[in-house]
Amino acid sequence: MHDINSRRSITAIVYLAVIGPCVFILQPGYVQGLVGYLSLTEEQAGLIASYEMFGIAATTVLMSLLASRINWRGMLYVCLIACTAGNLASIGVDDFTTLGAIRFLTGLGSGGLVSLTFTMMGLTSRPDRNFGYIVVWVLTYGAFGLLAMPWAFSTIGMNGVLVALALFCASGLLFVRSLPSSSGAETEALTAESPFPVFTRLTALAGMLVYNTAVGVVWAYLFLVGLEANMAEQDVANALTVSQFLGIAGAFLPVVLELRFGRALPLAIGVLGGAASIYLLLGEVSAPVYWLAVGGFNLLWNLCVPYLLAMMAAFDARGRLVVHGVSMQFIGYAIGPFIAASLLGAGGYDLVNGVSVALFLASAVLLAPGLLAQRRA
């Protein structure tokens with residue numbers, strides 16, 4: 001047994017939690033690469049991104065049912081090998097159907113990593129702070145990754161990028177031994193009962209799903225929205241990179257503040273501000289407006305994530321609901337690009353972004369009862 005609150009365990013959890021969504025966090029650049037370097041259509045590229053997210057979502061749902069019954073270390077080894085193999089198998093593949101199938105299978109491994117690392121972090125003694133650490137490091141990886149994407153595609157190509165992703169996934173094998181298994185206290189924690197009503201928990205989970213669907217709708221096409229605004233490819237990459245650093249600042253706030261202002265106020269600011277940021281992308285978009293919109297979106301999205309996950313963890317004494325919350329998070333990320341790809345032909349990016357704004361507002365309504373119940377408790 002390892003102490004799940006030890007520095008060694010938390011470091012390993014954070015590292016593997018960065019590997020889990022390592023393609024998703026680079027999704028705007030990856031989708032642009034599929035269009036620009038593999039000659040897929042914009043709709044096909046969005047669907048490829050969606051298929052991978054459906055793979056992630058499928059495993060997070062499965063893990064929400066099995067997390068208390070399996071050996072965490074053994075499953076992490078399997079997931080890391082699957083992610084490594086999936087990225088290597090994608091090399092040289094430009095057929096839409098074949099690539100979609102490979103990325104779905106790769107997503108299955110990624111989903112296991114995400115679900116198990118977030119489950120472990122939900123069981124730590126300071127989840128608001130520790131989820132903030134995850135988001136900070138995920139965004140640090142994403143900021144430098146998006147900045148390097150145009151250079152990487154032009155020098156080592158899509159195949160070189162896939163090799164780099166495979167090596168990153170394989171490096172996670174070195175960290176698994178620093179994590180606890182699913183035996184003993186952790187299993188007892190996952191079977192703890194929640195003191196909150198079922199309706200309150202279901203509404204919160206629905207809010208989690210709708211919020212992350214709103215994010216998924218807009219995230220996959222942000223790079224292409226910048227190109228449509230007549231910005232150069234590297235300028236768009238620079239804007240997204242700066243937005244990632246703003247996201248790091250947003251995620252670092254829960255690390256510093258924890259519960260000083262509760263969860264309701266930061267989440268209200270984050271959700272409604274995110275809707276306002278995407279609203280700026282409706283109609284004619286200039287370069288300054290694009291910078292403002294993506295910067296505000298990323299700052300507020302990543303302010304919300306640690307608080308949302310900690311909110312799920314707080315619904316029972318030991319954080320069981322966070323497992324289901326992670327499932328909702330990645331189902332939303334999977335549904336989002338699928339919805340966006342379906343809407344793109346009908347109304348272009350304005351329709352896509354408008355739907356995202358509406359979903360942000362709906363999520364605020366659904367999250368409110370759970371937040372109020374936790375405040376009363």
# chains A, B, ... in the order shown; residues from 1 in each chain; ligands from 1
>>> residues_around(residues="A:Tyr333", least_positions_apart="2", cutoff="8 Å", atoms="only C-alpha atoms", output="MDAnalysis selection string")
chainID A and resid 50 53 212:213 215:217 329:331 335:337
>>> write_last_selection(atoms="all heavy atoms", output="compact mmCIF listing (two decimals), in the first residue's frame")
# COMPACT_ATOMS: atom_id res chain seq x y z
N SER A 50 -13.96 13.15 -32.48
CA SER A 50 -15.11 12.65 -31.71
C SER A 50 -14.99 11.16 -31.43
O SER A 50 -15.29 10.70 -30.33
CB SER A 50 -16.40 12.93 -32.49
OG SER A 50 -17.52 12.44 -31.78
N MET A 53 -12.73 10.59 -28.58
CA MET A 53 -13.37 10.97 -27.33
C MET A 53 -14.44 9.97 -26.92
O MET A 53 -14.65 9.74 -25.72
CB MET A 53 -13.97 12.37 -27.46
CG MET A 53 -12.94 13.48 -27.66
SD MET A 53 -11.55 13.38 -26.50
CE MET A 53 -12.42 13.49 -24.94
N ASN A 212 -19.56 20.10 -20.16
CA ASN A 212 -18.44 19.59 -20.94
C ASN A 212 -18.80 19.33 -22.39
O ASN A 212 -17.93 19.34 -23.26
CB ASN A 212 -17.88 18.33 -20.26
CG ASN A 212 -17.15 18.68 -18.98
OD1 ASN A 212 -16.07 19.27 -19.01
ND2 ASN A 212 -17.74 18.37 -17.83
N THR A 213 -20.10 19.12 -22.68
CA THR A 213 -20.53 19.08 -24.07
C THR A 213 -20.35 20.44 -24.71
O THR A 213 -19.89 20.55 -25.87
CB THR A 213 -22.01 18.65 -24.16
OG1 THR A 213 -22.15 17.35 -23.57
CG2 THR A 213 -22.47 18.58 -25.61
N VAL A 215 -18.12 22.64 -23.94
CA VAL A 215 -16.68 22.78 -24.19
C VAL A 215 -16.28 21.98 -25.42
O VAL A 215 -15.56 22.47 -26.30
CB VAL A 215 -15.88 22.31 -22.96
CG1 VAL A 215 -14.39 22.24 -23.29
CG2 VAL A 215 -16.10 23.25 -21.78
N GLY A 216 -16.75 20.73 -25.51
CA GLY A 216 -16.38 19.87 -26.63
C GLY A 216 -16.87 20.40 -27.96
O GLY A 216 -16.20 20.24 -28.99
N VAL A 217 -18.05 21.05 -27.98
CA VAL A 217 -18.58 21.61 -29.22
C VAL A 217 -17.62 22.64 -29.80
O VAL A 217 -17.37 22.66 -31.01
CB VAL A 217 -19.97 22.25 -28.95
CG1 VAL A 217 -20.38 23.15 -30.11
CG2 VAL A 217 -21.02 21.17 -28.75
N GLN A 329 -17.88 14.00 -17.83
CA GLN A 329 -16.96 14.96 -18.44
C GLN A 329 -16.53 14.50 -19.83
O GLN A 329 -16.61 15.26 -20.81
CB GLN A 329 -15.74 15.14 -17.55
CG GLN A 329 -14.71 16.12 -18.08
CD GLN A 329 -13.51 16.23 -17.15
OE1 GLN A 329 -13.29 15.39 -16.29
NE2 GLN A 329 -12.71 17.27 -17.34
N PHE A 330 -16.13 13.26 -19.95
CA PHE A 330 -15.58 12.79 -21.22
C PHE A 330 -16.66 12.34 -22.19
O PHE A 330 -16.43 12.35 -23.40
CB PHE A 330 -14.52 11.73 -20.97
CG PHE A 330 -13.22 12.37 -20.55
CD1 PHE A 330 -12.95 12.60 -19.22
CD2 PHE A 330 -12.31 12.80 -21.49
CE1 PHE A 330 -11.78 13.24 -18.83
CE2 PHE A 330 -11.15 13.44 -21.12
CZ PHE A 330 -10.88 13.66 -19.79
N ILE A 331 -17.83 11.98 -21.70
CA ILE A 331 -18.95 11.79 -22.62
C ILE A 331 -19.28 13.13 -23.29
O ILE A 331 -19.51 13.20 -24.49
CB ILE A 331 -20.18 11.23 -21.88
CG1 ILE A 331 -19.92 9.77 -21.46
CG2 ILE A 331 -21.42 11.30 -22.77
CD1 ILE A 331 -21.00 9.20 -20.57
N ILE A 335 -19.34 13.90 -27.21
CA ILE A 335 -20.55 14.35 -27.90
C ILE A 335 -20.30 15.68 -28.59
O ILE A 335 -20.80 15.93 -29.70
CB ILE A 335 -21.72 14.46 -26.90
CG1 ILE A 335 -22.13 13.08 -26.38
CG2 ILE A 335 -22.94 15.13 -27.57
CD1 ILE A 335 -23.15 13.14 -25.26
N GLY A 336 -19.53 16.56 -27.93
CA GLY A 336 -19.34 17.91 -28.44
C GLY A 336 -18.83 17.97 -29.88
O GLY A 336 -19.47 18.60 -30.73
N PRO A 337 -17.67 17.36 -30.19
CA PRO A 337 -17.19 17.41 -31.58
C PRO A 337 -18.14 16.76 -32.58
O PRO A 337 -18.24 17.21 -33.72
CB PRO A 337 -15.86 16.63 -31.52
CG PRO A 337 -15.44 16.70 -30.09
CD PRO A 337 -16.71 16.70 -29.29
>>> residues_around(residues="stretch 254-267 of chain A", least_positions_apart="2", cutoff="8 Å", atoms="only C-alpha atoms", output="list of chain:residue names")
A:Asp128, A:Arg129, A:Asn130, A:Gly132, A:Tyr133, A:Gly250, A:Ala251, A:Phe252, A:Ile269, A:Gly270, A:Val271, A:Leu303, A:Cys304, A:Pro306, A:Tyr307, A:Leu308, A:Met311, A:Ala368, A:Leu371, A:Leu372, A:Arg375
>>> write_last_selection(atoms="N, CA and C atoms", output="PDB file, in the first residue's frame")
ATOM      1  N   ASP A 128      -9.693  19.931  -4.069  1.00  0.00           N
ATOM      2  CA  ASP A 128      -9.732  21.186  -4.840  1.00  0.00           C
ATOM      3  C   ASP A 128      -8.326  21.576  -5.281  1.00  0.00           C
ATOM      4  N   ARG A 129      -7.385  21.529  -4.340  1.00  0.00           N
ATOM      5  CA  ARG A 129      -6.000  21.877  -4.656  1.00  0.00           C
ATOM      6  C   ARG A 129      -5.393  20.876  -5.627  1.00  0.00           C
ATOM      7  N   ASN A 130      -5.587  19.593  -5.368  1.00  0.00           N
ATOM      8  CA  ASN A 130      -4.907  18.567  -6.155  1.00  0.00           C
ATOM      9  C   ASN A 130      -5.457  18.451  -7.571  1.00  0.00           C
ATOM     10  N   GLY A 132      -6.548  20.984  -9.109  1.00  0.00           N
ATOM     11  CA  GLY A 132      -5.918  22.159  -9.712  1.00  0.00           C
ATOM     12  C   GLY A 132      -4.538  21.841 -10.244  1.00  0.00           C
ATOM     13  N   TYR A 133      -3.756  21.047  -9.492  1.00  0.00           N
ATOM     14  CA  TYR A 133      -2.435  20.642  -9.971  1.00  0.00           C
ATOM     15  C   TYR A 133      -2.537  19.883 -11.286  1.00  0.00           C
ATOM     16  N   GLY A 250      -5.955  30.185 -14.583  1.00  0.00           N
ATOM     17  CA  GLY A 250      -7.282  29.856 -14.084  1.00  0.00           C
ATOM     18  C   GLY A 250      -7.274  28.613 -13.207  1.00  0.00           C
ATOM     19  N   ALA A 251      -6.538  27.590 -13.636  1.00  0.00           N
ATOM     20  CA  ALA A 251      -6.473  26.348 -12.864  1.00  0.00           C
ATOM     21  C   ALA A 251      -5.691  26.516 -11.571  1.00  0.00           C
ATOM     22  N   PHE A 252      -4.757  27.476 -11.554  1.00  0.00           N
ATOM     23  CA  PHE A 252      -3.941  27.667 -10.361  1.00  0.00           C
ATOM     24  C   PHE A 252      -4.722  28.370  -9.251  1.00  0.00           C
ATOM     25  N   ILE A 269     -18.964  32.417 -12.080  1.00  0.00           N
ATOM     26  CA  ILE A 269     -18.115  33.274 -12.913  1.00  0.00           C
ATOM     27  C   ILE A 269     -17.567  32.485 -14.101  1.00  0.00           C
ATOM     28  N   GLY A 270     -17.110  31.266 -13.833  1.00  0.00           N
ATOM     29  CA  GLY A 270     -16.492  30.467 -14.888  1.00  0.00           C
ATOM     30  C   GLY A 270     -17.464  30.053 -15.973  1.00  0.00           C
ATOM     31  N   VAL A 271     -18.650  29.568 -15.588  1.00  0.00           N
ATOM     32  CA  VAL A 271     -19.613  29.066 -16.580  1.00  0.00           C
ATOM     33  C   VAL A 271     -20.201  30.217 -17.394  1.00  0.00           C
ATOM     34  N   LEU A 303     -10.575  27.357 -14.789  1.00  0.00           N
ATOM     35  CA  LEU A 303     -10.987  27.703 -13.431  1.00  0.00           C
ATOM     36  C   LEU A 303     -12.074  26.752 -12.960  1.00  0.00           C
ATOM     37  N   CYS A 304     -12.999  26.405 -13.876  1.00  0.00           N
ATOM     38  CA  CYS A 304     -14.139  25.562 -13.509  1.00  0.00           C
ATOM     39  C   CYS A 304     -13.757  24.110 -13.226  1.00  0.00           C
ATOM     40  N   PRO A 306     -11.266  22.195 -11.833  1.00  0.00           N
ATOM     41  CA  PRO A 306     -10.980  21.670 -10.495  1.00  0.00           C
ATOM     42  C   PRO A 306     -12.169  21.775  -9.547  1.00  0.00           C
ATOM     43  N   TYR A 307     -12.900  22.884  -9.630  1.00  0.00           N
ATOM     44  CA  TYR A 307     -14.057  23.054  -8.746  1.00  0.00           C
ATOM     45  C   TYR A 307     -15.171  22.077  -9.093  1.00  0.00           C
ATOM     46  N   LEU A 308     -15.385  21.819 -10.377  1.00  0.00           N
ATOM     47  CA  LEU A 308     -16.401  20.845 -10.770  1.00  0.00           C
ATOM     48  C   LEU A 308     -16.056  19.444 -10.274  1.00  0.00           C
ATOM     49  N   MET A 311     -16.385  19.330  -6.568  1.00  0.00           N
ATOM     50  CA  MET A 311     -17.808  19.308  -6.237  1.00  0.00           C
ATOM     51  C   MET A 311     -18.342  17.879  -6.310  1.00  0.00           C
ATOM     52  N   ALA A 368     -26.701  24.445 -10.333  1.00  0.00           N
ATOM     53  CA  ALA A 368     -27.077  25.275  -9.187  1.00  0.00           C
ATOM     54  C   ALA A 368     -27.640  24.477  -8.000  1.00  0.00           C
ATOM     55  N   LEU A 371     -24.805  22.754  -5.967  1.00  0.00           N
ATOM     56  CA  LEU A 371     -23.958  23.728  -5.281  1.00  0.00           C
ATOM     57  C   LEU A 371     -24.660  24.306  -4.061  1.00  0.00           C
ATOM     58  N   LEU A 372     -25.952  24.597  -4.193  1.00  0.00           N
ATOM     59  CA  LEU A 372     -26.707  25.138  -3.059  1.00  0.00           C
ATOM     60  C   LEU A 372     -26.841  24.091  -1.951  1.00  0.00           C
ATOM     61  N   ARG A 375     -23.572  23.931  -0.155  1.00  0.00           N
ATOM     62  CA  ARG A 375     -23.375  25.115   0.688  1.00  0.00           C
ATOM     63  C   ARG A 375     -24.181  24.965   1.984  1.00  0.00           C
TER      64      ARG A 375
END
>>> residues_around(residues="stretch 198-205 of chain A", least_positions_apart="5", cutoff="8 Å", atoms="only C-alpha atoms", output="list of chain:residue names")
A:Met312, A:Phe315, A:His324, A:Gly325, A:Met328, A:Leu366, A:Leu367, A:Ala368, A:Pro369, A:Gly370, A:Ala373
>>> write_last_selection(atoms="C-alpha atoms", output="mmCIF file, in the first residue's frame")
data_model
loop_
_atom_site.group_PDB
_atom_site.id
_atom_site.type_symbol
_atom_site.label_atom_id
_atom_site.label_comp_id
_atom_site.auth_asym_id
_atom_site.auth_seq_id
_atom_site.Cartn_x
_atom_site.Cartn_y
_atom_site.Cartn_z
ATOM 1 C CA MET A 312 -18.400 15.763 -7.498
ATOM 2 C CA PHE A 315 -21.090 14.525 -2.764
ATOM 3 C CA HIS A 324 -19.224 9.134 -12.436
ATOM 4 C CA GLY A 325 -18.454 12.837 -12.879
ATOM 5 C CA MET A 328 -19.924 12.688 -17.713
ATOM 6 C CA LEU A 366 -28.376 22.243 -13.739
ATOM 7 C CA LEU A 367 -25.361 22.758 -11.473
ATOM 8 C CA ALA A 368 -27.077 25.275 -9.187
ATOM 9 C CA PRO A 369 -29.110 22.809 -7.011
ATOM 10 C CA GLY A 370 -26.073 20.705 -6.153
ATOM 11 C CA ALA A 373 -27.143 21.759 -1.342
#
>>> atom_distance(atom1="atom CA of A:Gly107", atom2="atom CA of A:Ile81")
11.9 Å
>>> select_by_dssp(residues="stretch 164-264 of chain A", states="alpha helix (DSSP H)", output="NGL selection string")
:A and (164-171 or 185-190 or 198-219 or 222-228 or 233-257 or 264)
>>> closest_residue(among="A:Tyr77, A:Phe118, A:Tyr279, A:Tyr141", to="A:Gly172", atoms="only C-alpha atoms")
A:Tyr77
>>> residues_around(residues="stretch 229-234 of chain A", least_positions_apart="5", cutoff="7 Å", atoms="only C-alpha atoms", output="ChimeraX atom specification")
/A:150,285-287
>>> write_last_selection(atoms="N, CA and C atoms", output="PDB file, in the first residue's frame")
ATOM      1  N   PRO A 150       2.566  23.794 -35.353  1.00  0.00           N
ATOM      2  CA  PRO A 150       2.892  24.144 -36.746  1.00  0.00           C
ATOM      3  C   PRO A 150       4.322  23.775 -37.122  1.00  0.00           C
ATOM      4  N   VAL A 285     -15.290  37.993 -37.035  1.00  0.00           N
ATOM      5  CA  VAL A 285     -14.309  37.870 -35.951  1.00  0.00           C
ATOM      6  C   VAL A 285     -12.985  38.469 -36.416  1.00  0.00           C
ATOM      7  N   SER A 286     -12.502  39.462 -35.697  1.00  0.00           N
ATOM      8  CA  SER A 286     -11.186  40.043 -35.976  1.00  0.00           C
ATOM      9  C   SER A 286     -10.145  39.334 -35.120  1.00  0.00           C
ATOM     10  N   ALA A 287      -8.881  39.546 -35.433  1.00  0.00           N
ATOM     11  CA  ALA A 287      -7.811  38.908 -34.668  1.00  0.00           C
ATOM     12  C   ALA A 287      -7.855  39.294 -33.183  1.00  0.00           C
TER      13      ALA A 287
END
>>> residues_around(residues="A:Ala89", least_positions_apart="4", cutoff="12 Å", atoms="only C-alpha atoms", output="list of chain:residue names")
A:Ile81, A:Ala82, A:Cys83, A:Thr84, A:Ala85, A:Val93, A:Asp94, A:Thr98, A:Leu99, A:Gly100, A:Ala101, A:Ile102, A:Arg103, A:Phe104, A:Leu105, A:Thr106, A:Asn159, A:Leu162, A:Val163, A:Leu165, A:Ala166
>>> write_last_selection(atoms="N, CA and C atoms", output="short mmCIF file (atom, residue, chain, number, x, y, z; two decimals), in the first residue's frame")
data_model
loop_
_atom_site.label_atom_id
_atom_site.label_comp_id
_atom_site.auth_asym_id
_atom_site.auth_seq_id
_atom_site.Cartn_x
_atom_site.Cartn_y
_atom_site.Cartn_z
N ILE A 81 -0.08 0.87 -22.39
CA ILE A 81 0.34 0.10 -23.57
C ILE A 81 -0.62 0.33 -24.72
N ALA A 82 -1.93 0.39 -24.42
CA ALA A 82 -2.93 0.62 -25.47
C ALA A 82 -2.73 1.99 -26.12
N CYS A 83 -2.48 3.02 -25.31
CA CYS A 83 -2.27 4.37 -25.86
C CYS A 83 -1.01 4.42 -26.73
N THR A 84 0.06 3.79 -26.25
CA THR A 84 1.30 3.75 -27.01
C THR A 84 1.10 3.04 -28.34
N ALA A 85 0.47 1.88 -28.29
CA ALA A 85 0.24 1.10 -29.52
C ALA A 85 -0.68 1.84 -30.48
N VAL A 93 -1.45 6.29 -41.64
CA VAL A 93 -2.85 5.98 -41.98
C VAL A 93 -3.57 7.27 -42.34
N ASP A 94 -4.11 7.34 -43.57
CA ASP A 94 -4.87 8.52 -43.99
C ASP A 94 -6.28 8.17 -44.44
N THR A 98 -10.40 3.74 -41.30
CA THR A 98 -9.36 3.03 -40.55
C THR A 98 -8.81 3.89 -39.43
N LEU A 99 -8.54 5.15 -39.73
CA LEU A 99 -7.99 6.04 -38.70
C LEU A 99 -9.00 6.26 -37.58
N GLY A 100 -10.28 6.38 -37.94
CA GLY A 100 -11.31 6.55 -36.91
C GLY A 100 -11.34 5.36 -35.97
N ALA A 101 -11.22 4.14 -36.51
CA ALA A 101 -11.23 2.94 -35.67
C ALA A 101 -10.01 2.89 -34.75
N ILE A 102 -8.84 3.24 -35.29
CA ILE A 102 -7.61 3.22 -34.49
C ILE A 102 -7.69 4.26 -33.37
N ARG A 103 -8.18 5.46 -33.70
CA ARG A 103 -8.25 6.51 -32.67
C ARG A 103 -9.29 6.17 -31.61
N PHE A 104 -10.36 5.46 -31.98
CA PHE A 104 -11.33 5.01 -30.98
C PHE A 104 -10.67 4.05 -30.00
N LEU A 105 -9.90 3.09 -30.52
CA LEU A 105 -9.22 2.13 -29.66
C LEU A 105 -8.17 2.82 -28.79
N THR A 106 -7.47 3.81 -29.37
CA THR A 106 -6.52 4.58 -28.56
C THR A 106 -7.24 5.30 -27.44
N ASN A 159 3.44 11.94 -38.87
CA ASN A 159 4.01 10.70 -38.33
C ASN A 159 4.97 10.96 -37.18
N LEU A 162 3.03 11.69 -34.05
CA LEU A 162 2.47 10.47 -33.48
C LEU A 162 3.53 9.66 -32.72
N VAL A 163 4.75 9.62 -33.25
CA VAL A 163 5.84 8.93 -32.54
C VAL A 163 6.12 9.61 -31.21
N LEU A 165 4.03 11.35 -29.39
CA LEU A 165 2.92 11.02 -28.48
C LEU A 165 3.05 9.60 -27.93
N ALA A 166 3.48 8.67 -28.79
CA ALA A 166 3.65 7.28 -28.34
C ALA A 166 4.74 7.19 -27.26
#
>>> residues_around(residues="A:Leu40", least_positions_apart="3", cutoff="12 Å", atoms="only C-alpha atoms", output="list in words")
Tyr30, Val31, Gln32, Gly33, Leu34, Val35, Gly36, Tyr37, Glu43, Gln44, Ala45, Gly46, Leu47, Ile48, Val93, Asp94, Asp95, Phe96, Thr97, Leu99 and Gly100 of chain A
>>> write_last_selection(atoms="N, CA and C atoms", output="PDB file, in the first residue's frame")
ATOM      1  N   TYR A  30      -4.391  19.251 -33.638  1.00  0.00           N
ATOM      2  CA  TYR A  30      -4.470  17.923 -34.250  1.00  0.00           C
ATOM      3  C   TYR A  30      -5.513  17.906 -35.368  1.00  0.00           C
ATOM      4  N   VAL A  31      -6.676  18.514 -35.111  1.00  0.00           N
ATOM      5  CA  VAL A  31      -7.720  18.579 -36.131  1.00  0.00           C
ATOM      6  C   VAL A  31      -7.231  19.368 -37.344  1.00  0.00           C
ATOM      7  N   GLN A  32      -6.535  20.480 -37.095  1.00  0.00           N
ATOM      8  CA  GLN A  32      -5.974  21.260 -38.201  1.00  0.00           C
ATOM      9  C   GLN A  32      -4.961  20.433 -38.994  1.00  0.00           C
ATOM     10  N   GLY A  33      -4.165  19.604 -38.278  1.00  0.00           N
ATOM     11  CA  GLY A  33      -3.204  18.731 -38.951  1.00  0.00           C
ATOM     12  C   GLY A  33      -3.879  17.683 -39.816  1.00  0.00           C
ATOM     13  N   LEU A  34      -5.012  17.135 -39.343  1.00  0.00           N
ATOM     14  CA  LEU A  34      -5.752  16.165 -40.144  1.00  0.00           C
ATOM     15  C   LEU A  34      -6.257  16.791 -41.439  1.00  0.00           C
ATOM     16  N   VAL A  35      -6.679  18.048 -41.352  1.00  0.00           N
ATOM     17  CA  VAL A  35      -7.180  18.749 -42.534  1.00  0.00           C
ATOM     18  C   VAL A  35      -6.031  19.162 -43.450  1.00  0.00           C
ATOM     19  N   GLY A  36      -4.987  19.761 -42.866  1.00  0.00           N
ATOM     20  CA  GLY A  36      -3.916  20.343 -43.665  1.00  0.00           C
ATOM     21  C   GLY A  36      -2.881  19.361 -44.159  1.00  0.00           C
ATOM     22  N   TYR A  37      -2.689  18.238 -43.434  1.00  0.00           N
ATOM     23  CA  TYR A  37      -1.592  17.331 -43.791  1.00  0.00           C
ATOM     24  C   TYR A  37      -2.052  15.935 -44.191  1.00  0.00           C
ATOM     25  N   GLU A  43     -15.270  18.196 -41.637  1.00  0.00           N
ATOM     26  CA  GLU A  43     -16.235  17.325 -40.969  1.00  0.00           C
ATOM     27  C   GLU A  43     -15.592  15.995 -40.577  1.00  0.00           C
ATOM     28  N   GLN A  44     -14.790  15.421 -41.479  1.00  0.00           N
ATOM     29  CA  GLN A  44     -14.126  14.149 -41.164  1.00  0.00           C
ATOM     30  C   GLN A  44     -13.147  14.311 -40.004  1.00  0.00           C
ATOM     31  N   ALA A  45     -12.391  15.409 -39.991  1.00  0.00           N
ATOM     32  CA  ALA A  45     -11.434  15.642 -38.910  1.00  0.00           C
ATOM     33  C   ALA A  45     -12.147  15.774 -37.579  1.00  0.00           C
ATOM     34  N   GLY A  46     -13.286  16.491 -37.575  1.00  0.00           N
ATOM     35  CA  GLY A  46     -14.059  16.616 -36.343  1.00  0.00           C
ATOM     36  C   GLY A  46     -14.586  15.273 -35.874  1.00  0.00           C
ATOM     37  N   LEU A  47     -14.992  14.429 -36.815  1.00  0.00           N
ATOM     38  CA  LEU A  47     -15.490  13.099 -36.441  1.00  0.00           C
ATOM     39  C   LEU A  47     -14.370  12.211 -35.904  1.00  0.00           C
ATOM     40  N   ILE A  48     -13.173  12.309 -36.476  1.00  0.00           N
ATOM     41  CA  ILE A  48     -12.033  11.550 -35.942  1.00  0.00           C
ATOM     42  C   ILE A  48     -11.789  11.931 -34.486  1.00  0.00           C
ATOM     43  N   VAL A  93      -1.452   6.292 -41.643  1.00  0.00           N
ATOM     44  CA  VAL A  93      -2.850   5.983 -41.977  1.00  0.00           C
ATOM     45  C   VAL A  93      -3.573   7.269 -42.344  1.00  0.00           C
ATOM     46  N   ASP A  94      -4.107   7.339 -43.573  1.00  0.00           N
ATOM     47  CA  ASP A  94      -4.868   8.518 -43.986  1.00  0.00           C
ATOM     48  C   ASP A  94      -6.280   8.168 -44.442  1.00  0.00           C
ATOM     49  N   ASP A  95      -6.663   6.899 -44.306  1.00  0.00           N
ATOM     50  CA  ASP A  95      -8.026   6.488 -44.622  1.00  0.00           C
ATOM     51  C   ASP A  95      -8.936   6.845 -43.450  1.00  0.00           C
ATOM     52  N   PHE A  96     -10.030   7.543 -43.722  1.00  0.00           N
ATOM     53  CA  PHE A  96     -10.913   8.047 -42.673  1.00  0.00           C
ATOM     54  C   PHE A  96     -11.446   6.932 -41.782  1.00  0.00           C
ATOM     55  N   THR A  97     -11.960   5.869 -42.362  1.00  0.00           N
ATOM     56  CA  THR A  97     -12.567   4.791 -41.571  1.00  0.00           C
ATOM     57  C   THR A  97     -11.537   4.079 -40.713  1.00  0.00           C
ATOM     58  N   LEU A  99      -8.535   5.153 -39.731  1.00  0.00           N
ATOM     59  CA  LEU A  99      -7.993   6.041 -38.704  1.00  0.00           C
ATOM     60  C   LEU A  99      -9.001   6.257 -37.581  1.00  0.00           C
ATOM     61  N   GLY A 100     -10.280   6.380 -37.941  1.00  0.00           N
ATOM     62  CA  GLY A 100     -11.309   6.548 -36.911  1.00  0.00           C
ATOM     63  C   GLY A 100     -11.343   5.361 -35.969  1.00  0.00           C
TER      64      GLY A 100
END
>>> closest_residue(among="A:Ala17, A:Val210, A:Leu321, A:Val176", to="A:Asn71", atoms="only C-alpha atoms")
A:Val176
>>> closest_residue(among="A:Leu173, A:Leu80, A:Ala334, A:Leu361", to="A:Ala49", atoms="only C-alpha atoms")
A:Ala334
>>> closest_residue(among="A:Val136, A:Leu116, A:Val161, A:Leu88", to="A:Leu65", atoms="only C-alpha atoms")
A:Leu116
>>> residues_around(residues="A:Leu281", least_positions_apart="2", cutoff="12 Å", atoms="only C-alpha atoms", output="PyMOL selection string")
chain A and resi 218+221-222+225-226+228-229+274-279+283-297+348-357
>>> closest_residue(among="A:Thr11, A:Thr241, A:Thr60, A:Ser6", to="A:Leu113", atoms="only C-alpha atoms")
A:Thr60
>>> decode(residues="stretch 46-56 of chain A", atoms="N, CA and C atoms", output="JSON list (two decimals), in the first residue's frame")
[["chain", "number", "residue", "atom", "x", "y", "z"],
["A", 46, "GLY", "N", -13.29, 16.49, -37.58],
["A", 46, "GLY", "CA", -14.06, 16.62, -36.34],
["A", 46, "GLY", "C", -14.59, 15.27, -35.87],
["A", 47, "LEU", "N", -14.99, 14.43, -36.82],
["A", 47, "LEU", "CA", -15.49, 13.10, -36.44],
["A", 47, "LEU", "C", -14.37, 12.21, -35.90],
["A", 48, "ILE", "N", -13.17, 12.31, -36.48],
["A", 48, "ILE", "CA", -12.03, 11.55, -35.94],
["A", 48, "ILE", "C", -11.79, 11.93, -34.49],
["A", 49, "ALA", "N", -11.80, 13.25, -34.21],
["A", 49, "ALA", "CA", -11.64, 13.70, -32.83],
["A", 49, "ALA", "C", -12.76, 13.16, -31.95],
["A", 50, "SER", "N", -13.96, 13.15, -32.48],
["A", 50, "SER", "CA", -15.11, 12.65, -31.71],
["A", 50, "SER", "C", -14.99, 11.16, -31.43],
["A", 51, "TYR", "N", -14.53, 10.37, -32.41],
["A", 51, "TYR", "CA", -14.39, 8.93, -32.20],
["A", 51, "TYR", "C", -13.41, 8.64, -31.06],
["A", 52, "GLU", "N", -12.29, 9.37, -31.04],
["A", 52, "GLU", "CA", -11.33, 9.15, -29.96],
["A", 52, "GLU", "C", -11.95, 9.49, -28.61],
["A", 53, "MET", "N", -12.73, 10.59, -28.58],
["A", 53, "MET", "CA", -13.37, 10.97, -27.33],
["A", 53, "MET", "C", -14.44, 9.97, -26.92],
["A", 54, "PHE", "N", -15.12, 9.36, -27.88],
["A", 54, "PHE", "CA", -16.09, 8.31, -27.54],
["A", 54, "PHE", "C", -15.36, 7.11, -26.92],
["A", 55, "GLY", "N", -14.16, 6.80, -27.42],
["A", 55, "GLY", "CA", -13.37, 5.74, -26.80],
["A", 55, "GLY", "C", -13.02, 6.08, -25.36],
["A", 56, "ILE", "N", -12.59, 7.32, -25.13],
["A", 56, "ILE", "CA", -12.29, 7.77, -23.76],
["A", 56, "ILE", "C", -13.53, 7.68, -22.90]]
